[in-house]
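As structure tokens, the structure follows; a few thoughts come after it.
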Amino acid sequence: MKLIAIDLDGTLLTAESKPSTEGLAAIRNILSGEDHKVTICTGRARFDVKGIIGEDLSIPIISSNGAAVHDERGRLLNETPIPHAIAAESINYLLEQDVYFEIFCPDDIYSPCGGEGKLQAEIDVLVSANPDIDADTLQAGVQTQFQQFGFRHIDDLREVVQAGSPIYKLLIFTYDDAKLDRIRDHFRDQPFVHTTAAAKHTLEIISTETDKGSALQFLASYYDIDMADTIVIGDSYNDISMFQIAGTKVAMGNAVEEVKRLSTLTTRSNNEHGVAYALNTLLDL
């Protein structure tokens, strides 16, 4: 038996953040044979994944970049949240930076009230300074961000810390590159958290115990599957830890060069149903 781990954004999802129908069909076809297990391994929250792929597709899910691992029945197998005191410090720092960010918890994604307005203000500044910039593309990025399932808007994000819920990750979204670089530098080489990214204009803060590769190793061990019998399909920087340890690594045609350099095979792009092409044509399953 082999374990196949598939990323979502830039991989199973098209540029419009919609799941590839061909990709989902290929996954269902593999599962019908009962010879292999398939897991989604993503930076998104588990409830967001279920909203995207459908509640009827019962597969294990690695979510929040590996901070939570659930089996096909939805049972939590493992979690590696940010240490509570460190999460509180990080949230206070981000509030001081006046940047839009979200807090990922087991049952909700907390977003500040007025967050969309903050991002719109950034777009207005960029368009004012650069009239040739494609404002529609920037607007689409904001709309995609707010289409996630499980959003809860609150006035003060510090209330999440006070409630005591596990915090899986903090996701920053900003069109201010200088601000993003400053935040990245602040969290560089910290002992309890590190950063990763799955898309342009974003930065994710997670526990140093969290990454997709470690979560994949845990899940493979749980199902008694050797890492040599794991297959990963991905496209971005947060997939690198999977590509470093999996037996077979499939890079999307739209993948960043760092992922392609680690890959065993390269498939078509996410807009060309690259997951389906890999599962149906490239891999010896």
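In the structure tokens, each chain is lettered A, B, ... as it comes, each chain's residues begin at 1, and ligands are numbered from 1 in order of appearance.
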Select from stretch 87-143 of chain A every residue with an atom at most 12 Å from any atom of stretch 10-23 of chain A, then for each give the shortest pair of atoms and their distance in Å to one decimal, using only C-alpha atoms, rows by chain and rising number, as a Markdown table.
```
| residue | atom | partner | partner_atom | distance |
| --- | --- | --- | --- | --- |
| A:Thr137 | CA | A:Glu16 | CA | 11.2 |
| A:Ala140 | CA | A:Glu16 | CA | 8.9 |
| A:Gly141 | CA | A:Glu16 | CA | 9.6 |
| A:Gln143 | CA | A:Glu16 | CA | 10.4 |
```
Got a sec to tell me which of stretch 121-270 of chain A DSSP assigns to strand (DSSP E or B), as a ChimeraX atom specification?
/A:151-154,169-173,193-196,202-207,230-234,248-251,265-266
So that I can see what lies close to stretch 214-218 of chain A, please list as a ChimeraX atom specification the residues with an atom at most 12 Å from it, counting only C-alpha atoms and leaving out residues fewer than 3 positions away in the same chain.
/A:3-7,38-43,60-71,77-80,207-211,221-232,238-247
A:Ser58, A:Arg152, A:Val49, A:Ser269 ranked by distance to A:Arg28, top pick (using only C-alpha atoms):
A:Ser58
Which residue gives the smallest distance to A:Ala197 among A:Arg261, A:Arg46, A:Lys179, A:Lys169, with only C-alpha atoms counted?
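Residue with the minimum atom-to-atom distance to A:Ala197: A:Lys169.
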